[in-house]
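Shown here: work_1.csv, CSV, C-alpha atoms and all ligand atoms.
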chain,number,residue,atom,x,y,z
A,1,MET,CA,5.2,14.9,-3.9
A,2,ALA,CA,5.2,16.5,-7.4
A,3,SER,CA,8.1,15.6,-9.6
A,4,PRO,CA,8.9,18.3,-12.2
A,5,ILE,CA,9.2,15.5,-14.7
A,6,THR,CA,5.9,14.0,-15.6
A,7,GLN,CA,6.6,11.4,-18.3
A,8,ALA,CA,8.3,8.0,-18.0
A,9,ILE,CA,9.2,5.2,-20.3
A,10,LEU,CA,9.0,1.7,-18.7
A,11,LEU,CA,11.0,-1.0,-20.4
A,12,ILE,CA,9.0,-4.1,-20.2
A,13,GLY,CA,9.7,-5.9,-23.5
A,14,GLY,CA,12.3,-8.4,-22.4
A,15,LEU,CA,11.9,-12.2,-22.5
A,16,GLY,CA,12.5,-12.8,-18.8
A,17,THR,CA,14.7,-15.8,-19.7
A,18,ARG,CA,16.0,-16.1,-16.1
A,19,LEU,CA,12.5,-16.6,-14.9
A,20,ARG,CA,11.5,-19.4,-17.2
A,21,PRO,CA,9.4,-21.4,-17.2
A,22,LEU,CA,7.2,-18.9,-15.4
A,23,THR,CA,7.7,-16.3,-18.2
A,24,TYR,CA,6.4,-18.8,-20.8
A,25,GLN,CA,3.1,-18.4,-19.0
A,26,ARG,CA,3.1,-14.6,-18.5
A,27,PRO,CA,5.6,-11.8,-19.3
A,28,LYS,CA,7.8,-10.6,-16.4
A,29,ALA,CA,5.8,-7.4,-16.0
A,30,LEU,CA,2.7,-9.5,-15.1
A,31,LEU,CA,4.3,-11.8,-12.5
A,32,PRO,CA,2.0,-11.7,-9.5
A,33,LEU,CA,3.5,-10.2,-6.4
A,34,LEU,CA,1.2,-10.1,-3.4
A,35,ASN,CA,-1.5,-10.8,-6.0
A,36,CYS,CA,-0.8,-7.6,-8.1
A,37,PRO,CA,1.3,-7.5,-11.3
A,38,LEU,CA,5.0,-6.8,-10.8
A,39,ILE,CA,4.9,-3.6,-12.9
A,40,SER,CA,2.1,-2.2,-10.8
A,41,TYR,CA,4.6,-1.3,-8.1
A,42,GLU,CA,6.6,1.0,-10.5
A,43,ILE,CA,3.3,2.4,-11.8
A,44,ARG,CA,2.3,3.2,-8.2
A,45,LEU,CA,5.7,4.8,-7.4
A,46,PHE,CA,5.4,7.1,-10.4
A,47,ALA,CA,1.8,7.9,-9.5
A,48,ARG,CA,2.9,8.9,-6.0
A,49,HIS,CA,5.4,11.4,-7.4
A,50,GLY,CA,2.9,12.9,-9.9
A,51,VAL,CA,4.4,11.3,-13.0
A,52,THR,CA,1.2,10.9,-14.9
A,53,ASP,CA,2.1,9.8,-18.4
A,54,LEU,CA,3.7,6.3,-18.5
A,55,ILE,CA,4.9,5.0,-21.8
A,56,MET,CA,5.0,1.2,-21.8
A,57,ALA,CA,7.7,-0.1,-24.2
A,58,VAL,CA,6.3,-3.5,-24.9
A,59,SER,CA,7.2,-6.4,-27.1
A,60,TYR,CA,7.1,-10.0,-25.7
A,61,GLY,CA,3.7,-10.6,-24.2
A,62,ALA,CA,2.4,-7.2,-25.4
A,63,ASP,CA,-1.3,-8.2,-25.7
A,64,ALA,CA,-1.4,-9.8,-22.3
A,65,ILE,CA,0.1,-6.7,-20.8
A,66,LYS,CA,-2.3,-4.3,-22.5
A,67,ASP,CA,-5.3,-6.5,-21.5
A,68,GLU,CA,-4.3,-6.7,-17.8
A,69,LEU,CA,-3.1,-3.1,-17.2
A,70,GLY,CA,-5.6,-1.2,-19.4
A,71,ASP,CA,-5.5,2.6,-19.6
A,72,GLY,CA,-4.0,3.1,-16.1
A,73,SER,CA,-7.0,4.9,-14.6
A,74,ARG,CA,-7.1,2.5,-11.7
A,75,TRP,CA,-3.8,4.0,-10.6
A,76,GLY,CA,-4.7,7.6,-11.6
A,77,VAL,CA,-2.2,7.6,-14.5
A,78,ARG,CA,-2.4,7.4,-18.3
A,79,LEU,CA,-0.7,4.4,-19.8
A,80,HIS,CA,0.5,4.6,-23.4
A,81,TYR,CA,1.7,1.5,-25.2
A,82,VAL,CA,4.5,1.5,-27.8
A,83,GLU,CA,5.1,-1.9,-29.3
A,84,GLU,CA,8.3,-3.2,-30.9
A,85,GLU,CA,7.7,-5.8,-33.6
A,86,GLN,CA,11.2,-7.0,-33.1
A,87,ARG,CA,12.8,-6.3,-29.7
A,88,LEU,CA,15.0,-3.2,-29.9
A,89,ASP,CA,16.9,-3.7,-26.7
A,90,THR,CA,16.9,-1.2,-23.9
A,91,ALA,CA,18.0,2.0,-25.7
A,92,GLY,CA,16.3,1.1,-29.0
A,93,ALA,CA,13.1,0.7,-27.1
A,94,ILE,CA,13.5,4.3,-25.6
A,95,ARG,CA,14.1,5.7,-29.1
A,96,ASN,CA,11.0,4.0,-30.3
A,97,CYS,CA,9.0,6.1,-27.9
A,98,ALA,CA,10.4,9.4,-29.1
A,99,ALA,CA,7.2,10.6,-30.8
A,100,LEU,CA,5.5,10.7,-27.3
A,101,ILE,CA,8.2,12.5,-25.5
A,102,ASP,CA,7.9,16.3,-25.0
A,103,GLY,CA,10.4,17.2,-22.3
A,104,PRO,CA,12.7,15.6,-19.8
A,105,PHE,CA,11.6,12.1,-18.9
A,106,PHE,CA,12.3,9.2,-16.6
A,107,ALA,CA,13.2,5.8,-18.0
A,108,CYS,CA,13.4,2.6,-16.0
A,109,ASN,CA,13.9,-1.1,-16.2
A,110,GLY,CA,10.5,-2.6,-15.7
A,111,ASP,CA,11.4,-5.4,-13.3
A,112,LEU,CA,12.1,-3.5,-10.2
A,113,VAL,CA,10.3,-3.0,-7.0
A,114,TYR,CA,11.7,0.3,-5.8
A,115,ASP,CA,10.9,3.0,-3.3
A,116,VAL,CA,12.9,6.0,-4.4
A,117,ASP,CA,12.4,9.8,-4.1
A,118,LEU,CA,11.8,10.5,-7.7
A,119,THR,CA,10.8,14.1,-7.0
A,120,THR,CA,14.2,15.0,-5.6
A,121,MET,CA,16.0,13.0,-8.3
A,122,ALA,CA,14.1,14.9,-11.0
A,123,ALA,CA,15.0,18.2,-9.4
A,124,ALA,CA,18.7,17.2,-9.3
A,125,HIS,CA,18.6,16.2,-12.9
A,126,LEU,CA,17.2,19.5,-14.0
A,127,ARG,CA,19.5,21.6,-11.8
A,128,GLN,CA,22.6,19.9,-13.2
A,129,SER,CA,21.4,20.1,-16.8
A,130,ALA,CA,22.4,16.5,-17.1
A,131,LEU,CA,21.9,14.5,-20.3
A,132,VAL,CA,21.3,11.4,-18.2
A,133,THR,CA,21.1,11.2,-14.4
A,134,PHE,CA,21.6,7.7,-13.0
A,135,CYS,CA,20.0,6.7,-9.8
A,136,LEU,CA,22.7,4.8,-7.9
A,137,ARG,CA,22.7,2.0,-5.3
A,138,ARG,CA,25.4,0.3,-3.3
A,139,VAL,CA,25.5,-3.5,-3.4
A,140,ASP,CA,27.7,-6.2,-1.9
A,141,ASP,CA,28.0,-8.1,-5.1
A,142,ILE,CA,28.2,-6.0,-8.3
A,143,SER,CA,28.3,-8.8,-10.8
A,144,ALA,CA,24.6,-8.8,-11.7
A,145,TYR,CA,24.5,-5.0,-12.3
A,146,GLY,CA,26.1,-2.1,-14.2
A,147,LEU,CA,29.0,-0.7,-12.2
A,148,ILE,CA,29.1,3.2,-12.2
A,149,GLN,CA,32.1,5.2,-11.2
A,150,CYS,CA,31.7,9.0,-10.5
A,151,ASP,CA,34.1,11.8,-9.7
A,152,ASP,CA,33.8,13.9,-6.6
A,153,GLY,CA,31.4,16.2,-8.3
A,154,GLY,CA,29.0,13.3,-9.1
A,155,ARG,CA,29.9,13.2,-12.8
A,156,VAL,CA,30.0,9.7,-14.2
A,157,THR,CA,33.5,8.6,-15.3
A,158,ALA,CA,32.9,4.9,-16.1
A,159,PHE,CA,30.1,2.5,-16.8
A,160,LYS,CA,30.9,-1.2,-16.8
A,161,GLU,CA,28.0,-3.7,-17.3
A,162,LYS,CA,28.2,-6.9,-15.2
A,163,VAL,CA,31.8,-7.1,-14.2
A,164,ASN,CA,32.8,-9.3,-11.3
A,165,SER,CA,34.9,-6.8,-9.5
A,166,ASP,CA,36.3,-3.3,-9.8
A,167,GLU,CA,39.9,-2.4,-9.4
A,168,THR,CA,39.0,0.6,-7.3
A,169,GLY,CA,36.9,-1.6,-5.0
A,170,ARG,CA,33.8,0.5,-5.7
A,171,ASN,CA,30.4,-1.1,-5.4
A,172,THR,CA,28.0,1.6,-6.7
A,173,VAL,CA,25.7,0.3,-9.4
A,174,ASN,CA,23.0,1.4,-11.8
A,175,SER,CA,19.7,0.9,-10.1
A,176,GLY,CA,17.9,0.9,-13.5
A,177,PHE,CA,16.1,4.2,-13.0
A,178,TYR,CA,17.2,7.2,-15.1
A,179,ALA,CA,16.2,10.8,-15.7
A,180,MET,CA,16.9,11.8,-19.3
A,181,ASP,CA,17.0,14.9,-21.4
A,182,PRO,CA,15.2,14.4,-24.8
A,183,GLN,CA,18.5,15.2,-26.6
A,184,VAL,CA,19.6,11.7,-25.6
A,185,LEU,CA,17.2,10.4,-28.3
A,186,ASP,CA,19.5,11.8,-31.0
A,187,TYR,CA,22.3,9.5,-29.9
A,188,ILE,CA,20.2,6.3,-30.4
A,189,PRO,CA,19.8,4.9,-33.9
A,190,ASP,CA,16.2,4.6,-35.1
A,191,ASN,CA,14.5,1.2,-35.4
A,192,GLN,CA,17.4,-1.1,-34.7
A,193,PRO,CA,18.5,-3.0,-31.5
A,194,TYR,CA,20.7,-0.8,-29.3
A,195,SER,CA,21.5,-1.3,-25.7
A,196,ASN,CA,21.6,1.3,-22.9
A,197,GLU,CA,24.3,-0.6,-21.0
A,198,THR,CA,26.7,-1.7,-23.8
A,199,ASP,CA,26.1,0.9,-26.6
A,200,LEU,CA,24.5,4.1,-25.5
A,201,PHE,CA,26.1,4.8,-22.1
A,202,PRO,CA,29.7,4.0,-23.2
A,203,ALA,CA,29.1,6.1,-26.3
A,204,LEU,CA,27.9,9.1,-24.3
A,205,LEU,CA,30.9,8.7,-21.9
A,206,ALA,CA,33.3,8.7,-24.8
A,207,ARG,CA,31.8,12.0,-26.0
A,208,ARG,CA,32.1,13.4,-22.5
A,209,GLU,CA,28.4,14.2,-22.3
A,210,PRO,CA,27.1,15.3,-18.9
A,211,LEU,CA,26.1,12.2,-17.2
A,212,TYR,CA,25.6,12.3,-13.4
A,213,GLY,CA,25.0,9.9,-10.6
A,214,TRP,CA,22.4,10.6,-7.9
A,215,THR,CA,21.9,8.8,-4.6
A,216,ASP,CA,18.8,8.9,-2.4
A,217,THR,CA,19.7,10.3,1.0
A,218,GLN,CA,17.4,7.7,2.6
A,219,PRO,CA,17.6,4.7,0.3
A,220,GLY,CA,14.4,2.7,0.3
A,221,TYR,CA,13.7,-0.9,-0.7
A,222,TRP,CA,15.1,-1.9,-4.1
A,223,SER,CA,15.0,-5.2,-5.8
A,224,ASP,CA,15.5,-6.5,-9.3
A,225,VAL,CA,13.0,-9.2,-9.6
A,226,GLY,CA,14.7,-10.8,-12.5
A,227,ARG,CA,15.5,-14.2,-11.0
A,228,ILE,CA,13.4,-16.8,-9.1
A,229,GLU,CA,15.4,-16.2,-5.9
A,230,THR,CA,14.9,-12.4,-6.0
A,231,TYR,CA,11.2,-12.8,-7.0
A,232,LEU,CA,10.6,-14.9,-3.9
A,233,GLU,CA,12.7,-12.6,-1.8
A,234,ALA,CA,10.7,-9.5,-2.9
A,235,HIS,CA,7.5,-11.4,-2.1
A,236,VAL,CA,8.6,-12.1,1.4
A,237,SER,CA,10.0,-8.5,2.0
A,238,LEU,CA,6.8,-6.8,0.8
A,239,LEU,CA,4.7,-9.1,3.0
A,240,HIS,CA,6.9,-7.9,5.9
A,241,GLY,CA,6.3,-4.2,5.0
A,242,ALA,CA,9.5,-3.4,3.2
A,243,VAL,CA,7.7,-0.6,1.3
A,244,SER,CA,5.5,1.5,3.6
A,245,TRP,CA,2.9,2.3,0.9
A,246,VAL,CA,2.5,-1.4,-0.1
A,247,LYS,CA,-0.2,-3.2,1.8
A,248,PRO,CA,-1.0,-6.8,0.9
A,249,ASP,CA,-4.1,-7.0,-1.3
A,250,ASP,CA,-6.0,-9.3,1.0
A,251,MET,CA,-9.5,-10.3,0.2
A,252,ARG,CA,-9.8,-13.6,2.2
A,253,THR,CA,-13.2,-15.1,2.2
A,254,GLY,CA,-13.3,-18.9,1.7
A,255,ILE,CA,-11.2,-20.1,4.6
A,256,HIS,CA,-12.5,-23.1,6.6
A,257,GLU,CA,-12.6,-22.3,10.3
A,258,GLY,CA,-10.5,-25.4,10.9
A,259,ALA,CA,-7.6,-24.0,8.8
A,260,HIS,CA,-4.7,-22.3,10.5
A,261,ILE,CA,-3.2,-19.1,9.1
A,262,THR,CA,0.1,-17.8,10.2
A,263,GLU,CA,0.6,-14.1,9.1
A,264,PRO,CA,1.8,-12.5,7.0
A,265,VAL,CA,-0.1,-14.0,4.1
A,266,ALA,CA,-2.0,-12.4,1.2
A,267,ILE,CA,-5.1,-14.2,0.1
A,268,ALA,CA,-7.0,-13.1,-3.0
A,269,SER,CA,-10.8,-13.3,-3.5
A,270,GLY,CA,-12.3,-16.6,-4.5
A,271,ALA,CA,-9.5,-18.7,-3.0
A,272,THR,CA,-10.6,-21.6,-0.8
A,273,ILE,CA,-8.6,-23.1,2.0
A,274,ALA,CA,-9.9,-26.4,3.5
A,275,ALA,CA,-10.0,-27.7,7.1
A,276,GLY,CA,-6.7,-28.7,8.7
A,277,CYS,CA,-4.5,-26.6,6.3
A,278,ARG,CA,-1.6,-24.7,7.7
A,279,ILE,CA,-0.9,-21.7,5.6
A,280,GLY,CA,2.0,-19.2,6.2
A,281,PRO,CA,4.0,-17.4,7.0
A,282,ASP,CA,5.0,-15.7,3.8
A,283,VAL,CA,2.4,-17.1,1.4
A,284,ALA,CA,0.4,-15.4,-1.4
A,285,VAL,CA,-2.7,-17.3,-2.5
A,286,GLY,CA,-4.0,-16.1,-5.9
A,287,GLU,CA,-7.6,-15.6,-7.0
A,288,GLY,CA,-9.5,-18.8,-7.5
A,289,CYS,CA,-6.8,-21.1,-5.8
A,290,ARG,CA,-7.9,-24.2,-4.1
A,291,ILE,CA,-6.0,-25.7,-1.2
A,292,ASP,CA,-7.3,-29.1,-0.1
A,293,GLU,CA,-7.6,-30.6,3.4
A,294,GLY,CA,-4.5,-30.7,5.5
A,295,ALA,CA,-2.1,-29.1,3.1
A,296,VAL,CA,0.9,-27.2,4.5
A,297,VAL,CA,2.1,-24.1,2.6
A,298,ARG,CA,4.8,-21.8,3.7
A,299,ARG,CA,7.1,-19.1,2.1
A,300,SER,CA,5.5,-19.7,-1.3
A,301,MET,CA,3.4,-18.2,-4.1
A,302,LEU,CA,0.3,-19.8,-5.5
A,303,TRP,CA,-0.7,-18.1,-8.7
A,304,PRO,CA,-4.4,-17.7,-9.6
A,305,ASP,CA,-6.3,-20.9,-10.2
A,306,SER,CA,-3.7,-23.3,-9.0
A,307,VAL,CA,-4.5,-26.2,-6.8
A,308,VAL,CA,-2.7,-27.8,-3.8
A,309,GLY,CA,-3.8,-31.3,-3.1
A,310,ALA,CA,-4.8,-32.7,0.2
A,311,GLY,CA,-1.9,-33.2,2.6
A,312,ALA,CA,0.7,-31.8,0.3
A,313,HIS,CA,3.7,-29.9,1.7
A,314,VAL,CA,4.8,-26.8,-0.2
A,315,ASN,CA,7.8,-24.7,0.8
A,316,GLU,CA,9.7,-21.9,-1.0
A,317,THR,CA,7.9,-22.9,-4.1
A,318,ILE,CA,6.0,-21.1,-6.9
A,319,VAL,CA,2.9,-22.8,-8.3
A,320,ALA,CA,2.0,-21.3,-11.6
A,321,SER,CA,-1.6,-20.7,-12.8
A,322,GLU,CA,-3.6,-23.9,-13.6
A,323,ALA,CA,-0.9,-26.1,-12.1
A,324,SER,CA,-1.7,-28.7,-9.5
A,325,VAL,CA,0.4,-30.0,-6.6
A,326,ALA,CA,-0.4,-33.7,-6.2
A,327,ALA,CA,-2.0,-34.8,-2.9
A,328,HIS,CA,0.5,-35.8,-0.2
A,329,SER,CA,3.5,-34.8,-2.4
A,330,SER,CA,6.3,-32.6,-1.0
A,331,HIS,CA,8.0,-29.7,-2.7
A,332,SER,CA,10.8,-27.4,-1.6
A,333,GLY,CA,12.5,-24.7,-3.7
A,334,GLU,CA,10.6,-25.6,-6.9
A,335,VAL,CA,8.7,-23.9,-9.7
A,336,ILE,CA,5.7,-25.9,-10.7
A,337,VAL,CA,4.0,-25.3,-14.0
A,338,PRO,CA,1.0,-27.1,-15.5
A,339,SER,CA,3.0,-29.6,-17.5
A,340,ASP,CA,4.8,-30.8,-14.4
A,341,ALA,CA,1.7,-31.7,-12.6
B,1,LIG,N1,10.9,-2.8,-24.6
B,1,LIG,C1,12.0,-3.6,-24.4
B,1,LIG,N2,12.6,-4.1,-25.5
B,1,LIG,N3,12.4,-3.8,-23.1
B,1,LIG,C2,13.5,-4.6,-23.0
B,1,LIG,C3,14.2,-5.2,-24.0
B,1,LIG,C4,13.7,-4.9,-25.4
B,1,LIG,O1,14.3,-5.4,-26.4
B,1,LIG,N4,15.2,-5.9,-23.6
B,1,LIG,C5,15.1,-5.8,-22.2
B,1,LIG,N5,14.1,-5.1,-21.9
B,1,LIG,C6,13.6,-4.7,-20.5
B,1,LIG,C7,13.4,-5.9,-19.6
B,1,LIG,O2,12.0,-6.3,-19.7
B,1,LIG,C8,13.7,-5.4,-18.2
B,1,LIG,O3,12.6,-4.8,-17.6
B,1,LIG,C9,14.7,-4.2,-18.5
B,1,LIG,O4,14.7,-4.0,-19.9
B,1,LIG,C10,16.2,-4.6,-18.1
B,1,LIG,O5,16.5,-5.8,-18.6
B,1,LIG,P1,17.1,-7.0,-17.7
B,1,LIG,O6,17.4,-8.2,-18.6
B,1,LIG,O7,16.3,-7.2,-16.5
B,1,LIG,O8,18.5,-6.4,-17.3
B,1,LIG,P2,19.5,-6.8,-16.0
B,1,LIG,O9,18.6,-6.9,-14.8
B,1,LIG,O10,20.3,-7.9,-16.4
B,1,LIG,O11,20.4,-5.5,-15.9
B,1,LIG,C11,19.9,-4.2,-15.9
B,1,LIG,O12,19.3,-3.8,-14.6
B,1,LIG,C12,20.3,-3.6,-13.5
B,1,LIG,C13,19.5,-3.1,-12.3
B,1,LIG,O13,18.6,-4.0,-11.9
B,1,LIG,C14,21.0,-3.2,-16.3
B,1,LIG,O14,20.4,-2.0,-16.6
B,1,LIG,C15,22.0,-3.0,-15.2
B,1,LIG,O15,23.0,-2.0,-15.6
B,1,LIG,C16,21.4,-2.6,-13.9
B,1,LIG,O16,22.3,-2.6,-12.8
B,2,MG,MG,16.6,-7.0,-14.4
In structure tokens, how does this file's structure come out?
Ligand code: GDD
Ligand code: MG
Amino acid sequence: MASPITQAILLIGGLGTRLRPLTYQRPKALLPLLNCPLISYEIRLFARHGVTDLIMAVSYGADAIKDELGDGSRWGVRLHYVEEEQRLDTAGAIRNCAALIDGPFFACNGDLVYDVDLTTMAAAHLRQSALVTFCLRRVDDISAYGLIQCDDGGRVTAFKEKVNSDETGRNTVNSGFYAMDPQVLDYIPDNQPYSNETDLFPALLARREPLYGWTDTQPGYWSDVGRIETYLEAHVSLLHGAVSWVKPDDMRTGIHEGAHITEPVAIASGATIAAGCRIGPDVAVGEGCRIDEGAVVRRSMLWPDSVVGAGAHVNETIVASEASVAAHSSHSGEVIVPSDA
């Protein structure tokens, strides 16, 4: 796969408010998913399609992101960082990367796990001479997304961000992946907050600029990991093989022979699991975690260096780094951060 577009801007400067308190500890882009940072799944998707220069539009948590991702060589891409001192919103962030753009480029929201045919999308974008090509998805409930209406020729006729219903009954939404012509940068004011969804796209539509929708003929897995429920859902789906090229990063070593593991689980290096534990299904155990004797953990994520005390029961719960679950306590549907311990 070799996309004719080789640059992308990844929008990863948001505050991740819907994922608090987890995003007080790390920015959304670095949330562990099968023990790898969330943004690494988009990086790997771009790498698979030969998109080699990824411009990371960072703001909140910028230093932690740079430290963890580095120069991108581990994925075979080059990562460039462009930092906003004050967040510029989704379009302002793209404009802020203009100096690094030298041709048609991809842009995407940075909180998606997506398996999409970027090579074919790029070809369609160039063939149609579109200013913006939107990658579309169908959903049951449009309210969390940007509704996009197109005419029979695929040209976008309306963009409505987060409406509860559509009078035409349509359910085609913005997936958060775009192919853009560099001319789009001329429509975004420099160095001030400006939104793709509520400023740029409506303005381009009003000017009748060529905006097109594109739909993958074989839609792959797609999830906006912007809420606790969708984060947990993506974790379970990936463990069950929802994306063929994602295999759990499993480095299990310190498991007592008297512990019982029910797959699928992903266990990072340096994690210890004591005798009598029952772990799984659908569990990720981060690097350096400690699970004490007789604990039961299912459908949960244990971030690096967290501890589950002896005999505790943990279900559909996320335990953040350095947090401890008290021995013999019981948790279901919770987010546990250090101060809660
Ligand atoms: N650099 C930068 N600067 N990035 C930002 C900023 C900013 O000021 N504000 C938000 N972002 C990034 C977020 O980090 C996230 O990756 C992305 O922009 C989208 O923001 P969200 O807050 O996650 O938007 P949403 O999920 O409510 O809606 C968007 O995504 C849907 C698809 O999942 C919209 O684009 C919808 O139209 C779309 O359907
Ligand atoms: Mg989102």
Considering all atoms listed in the file, tabulate each residue of chain A that lies at most 8 Å from ligand LIG 1 (chain B) along with its nearest interatomic pair and the corresponding distance in Å to one decimal; arrange the rows by chain and ascending residue number and present them as a Markdown table.
| residue | atom | partner | partner_atom | distance |
| --- | --- | --- | --- | --- |
| A:Leu10 | CA | B:LIG1 | O3 | 7.5 |
| A:Leu11 | CA | B:LIG1 | N3 | 4.1 |
| A:Ile12 | CA | B:LIG1 | O2 | 3.8 |
| A:Gly13 | CA | B:LIG1 | C1 | 3.4 |
| A:Gly14 | CA | B:LIG1 | O2 | 3.4 |
| A:Leu15 | CA | B:LIG1 | O2 | 6.5 |
| A:Gly16 | CA | B:LIG1 | O2 | 6.6 |
| A:Lys28 | CA | B:LIG1 | O2 | 6.9 |
| A:Ala29 | CA | B:LIG1 | O2 | 7.3 |
| A:Met56 | CA | B:LIG1 | N1 | 7.7 |
| A:Ala57 | CA | B:LIG1 | N1 | 4.2 |
| A:Val58 | CA | B:LIG1 | N1 | 4.7 |
| A:Ser59 | CA | B:LIG1 | N1 | 5.7 |
| A:Glu83 | CA | B:LIG1 | N1 | 7.5 |
| A:Glu84 | CA | B:LIG1 | N1 | 6.8 |
| A:Gln86 | CA | B:LIG1 | O1 | 7.6 |
| A:Arg87 | CA | B:LIG1 | O1 | 3.7 |
| A:Leu88 | CA | B:LIG1 | O1 | 4.2 |
| A:Asp89 | CA | B:LIG1 | O1 | 3.1 |
| A:Thr90 | CA | B:LIG1 | C3 | 4.8 |
| A:Gly92 | CA | B:LIG1 | N2 | 7.3 |
| A:Ala93 | CA | B:LIG1 | N1 | 4.8 |
| A:Ile94 | CA | B:LIG1 | N1 | 7.6 |
| A:Cys108 | CA | B:LIG1 | C9 | 7.4 |
| A:Asn109 | CA | B:LIG1 | C9 | 3.9 |
| A:Gly110 | CA | B:LIG1 | O3 | 3.6 |
| A:Asp111 | CA | B:LIG1 | O3 | 4.5 |
| A:Leu112 | CA | B:LIG1 | O13 | 6.7 |
| A:Ala144 | CA | B:LIG1 | O10 | 6.4 |
| A:Tyr145 | CA | B:LIG1 | O16 | 3.3 |
| A:Gly146 | CA | B:LIG1 | O15 | 3.4 |
| A:Leu147 | CA | B:LIG1 | O16 | 7.0 |
| A:Glu161 | CA | B:LIG1 | O15 | 5.5 |
| A:Lys162 | CA | B:LIG1 | O15 | 7.2 |
| A:Val173 | CA | B:LIG1 | O16 | 5.6 |
| A:Asn174 | CA | B:LIG1 | O16 | 4.2 |
| A:Ser175 | CA | B:LIG1 | C13 | 4.6 |
| A:Gly176 | CA | B:LIG1 | C13 | 4.5 |
| A:Pro193 | CA | B:LIG1 | O1 | 7.0 |
| A:Asn196 | CA | B:LIG1 | O14 | 7.2 |
| A:Glu197 | CA | B:LIG1 | O15 | 5.7 |
| A:Ser223 | CA | B:LIG1 | O13 | 7.2 |
| A:Asp224 | CA | B:LIG1 | O13 | 4.8 |
| A:Val225 | CA | B:LIG1 | O7 | 7.9 |
| A:Gly226 | CA | B:LIG1 | O7 | 5.6 |
Query - A:Gly153, A:Gly72, A:Pro4, A:Pro32 ranked by distance to Glu287 of chain A, top pick (using only C-alpha atoms) - result: A:Pro32
Query raised in the report: Distance atom CA of Gly169 of chain A-atom CA of Gly154 of chain A, one decimal place?
Result: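 Separation between atom CA of Gly169 of chain A and atom CA of Gly154 of chain A: 17.4 Å.
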Requested in this report: May I ask for the distance between atom CA of Ile279 of chain A and atom CA of Trp303 of chain A, given in Å to one decimal place?
Outcome: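 Spanning atom CA of Ile279 of chain A to atom CA of Trp303 of chain A is a straight-line distance of 14.7 Å.
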If we count only C-alpha atoms and set the cut-off at 12 Å, which residues sit around Tyr178 of chain A, ignoring sequence neighbours fewer than 2 positions away in its own chain? Please answer as a JSON list (two decimals) with C-alpha atoms, keeping the file's coordinate frame.
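Wrote it out as out-v9.json, contents follow:
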[["chain", "number", "residue", "atom", "x", "y", "z"],
["A", 5, "ILE", "CA", 9.20, 15.50, -14.70],
["A", 7, "GLN", "CA", 6.60, 11.40, -18.30],
["A", 8, "ALA", "CA", 8.30, 8.00, -18.00],
["A", 9, "ILE", "CA", 9.20, 5.20, -20.30],
["A", 10, "LEU", "CA", 9.00, 1.70, -18.70],
["A", 11, "LEU", "CA", 11.00, -1.00, -20.40],
["A", 91, "ALA", "CA", 18.00, 2.00, -25.70],
["A", 94, "ILE", "CA", 13.50, 4.30, -25.60],
["A", 104, "PRO", "CA", 12.70, 15.60, -19.80],
["A", 105, "PHE", "CA", 11.60, 12.10, -18.90],
["A", 106, "PHE", "CA", 12.30, 9.20, -16.60],
["A", 107, "ALA", "CA", 13.20, 5.80, -18.00],
["A", 108, "CYS", "CA", 13.40, 2.60, -16.00],
["A", 109, "ASN", "CA", 13.90, -1.10, -16.20],
["A", 110, "GLY", "CA", 10.50, -2.60, -15.70],
["A", 116, "VAL", "CA", 12.90, 6.00, -4.40],
["A", 118, "LEU", "CA", 11.80, 10.50, -7.70],
["A", 121, "MET", "CA", 16.00, 13.00, -8.30],
["A", 122, "ALA", "CA", 14.10, 14.90, -11.00],
["A", 124, "ALA", "CA", 18.70, 17.20, -9.30],
["A", 125, "HIS", "CA", 18.60, 16.20, -12.90],
["A", 130, "ALA", "CA", 22.40, 16.50, -17.10],
["A", 131, "LEU", "CA", 21.90, 14.50, -20.30],
["A", 132, "VAL", "CA", 21.30, 11.40, -18.20],
["A", 133, "THR", "CA", 21.10, 11.20, -14.40],
["A", 134, "PHE", "CA", 21.60, 7.70, -13.00],
["A", 135, "CYS", "CA", 20.00, 6.70, -9.80],
["A", 136, "LEU", "CA", 22.70, 4.80, -7.90],
["A", 174, "ASN", "CA", 23.00, 1.40, -11.80],
["A", 175, "SER", "CA", 19.70, 0.90, -10.10],
["A", 176, "GLY", "CA", 17.90, 0.90, -13.50],
["A", 180, "MET", "CA", 16.90, 11.80, -19.30],
["A", 181, "ASP", "CA", 17.00, 14.90, -21.40],
["A", 184, "VAL", "CA", 19.60, 11.70, -25.60],
["A", 196, "ASN", "CA", 21.60, 1.30, -22.90],
["A", 201, "PHE", "CA", 26.10, 4.80, -22.10],
["A", 211, "LEU", "CA", 26.10, 12.20, -17.20],
["A", 212, "TYR", "CA", 25.60, 12.30, -13.40],
["A", 213, "GLY", "CA", 25.00, 9.90, -10.60],
["A", 214, "TRP", "CA", 22.40, 10.60, -7.90],
["A", 215, "THR", "CA", 21.90, 8.80, -4.60]]
What's around Arg290 of chain A at 8 Å? Count only C-alpha atoms, leave out sequence neighbours fewer than 3 positions away in its own chain, and write the answer as an mmCIF file with C-alpha atoms, in the coordinates of the input.
data_model
loop_
_atom_site.group_PDB
_atom_site.id
_atom_site.type_symbol
_atom_site.label_atom_id
_atom_site.label_comp_id
_atom_site.auth_asym_id
_atom_site.auth_seq_id
_atom_site.Cartn_x
_atom_site.Cartn_y
_atom_site.Cartn_z
ATOM 1 C CA ALA A 271 -9.500 -18.700 -3.000
ATOM 2 C CA THR A 272 -10.600 -21.600 -0.800
ATOM 3 C CA ILE A 273 -8.600 -23.100 2.000
ATOM 4 C CA ASP A 305 -6.300 -20.900 -10.200
ATOM 5 C CA SER A 306 -3.700 -23.300 -9.000
ATOM 6 C CA VAL A 307 -4.500 -26.200 -6.800
ATOM 7 C CA VAL A 308 -2.700 -27.800 -3.800
#
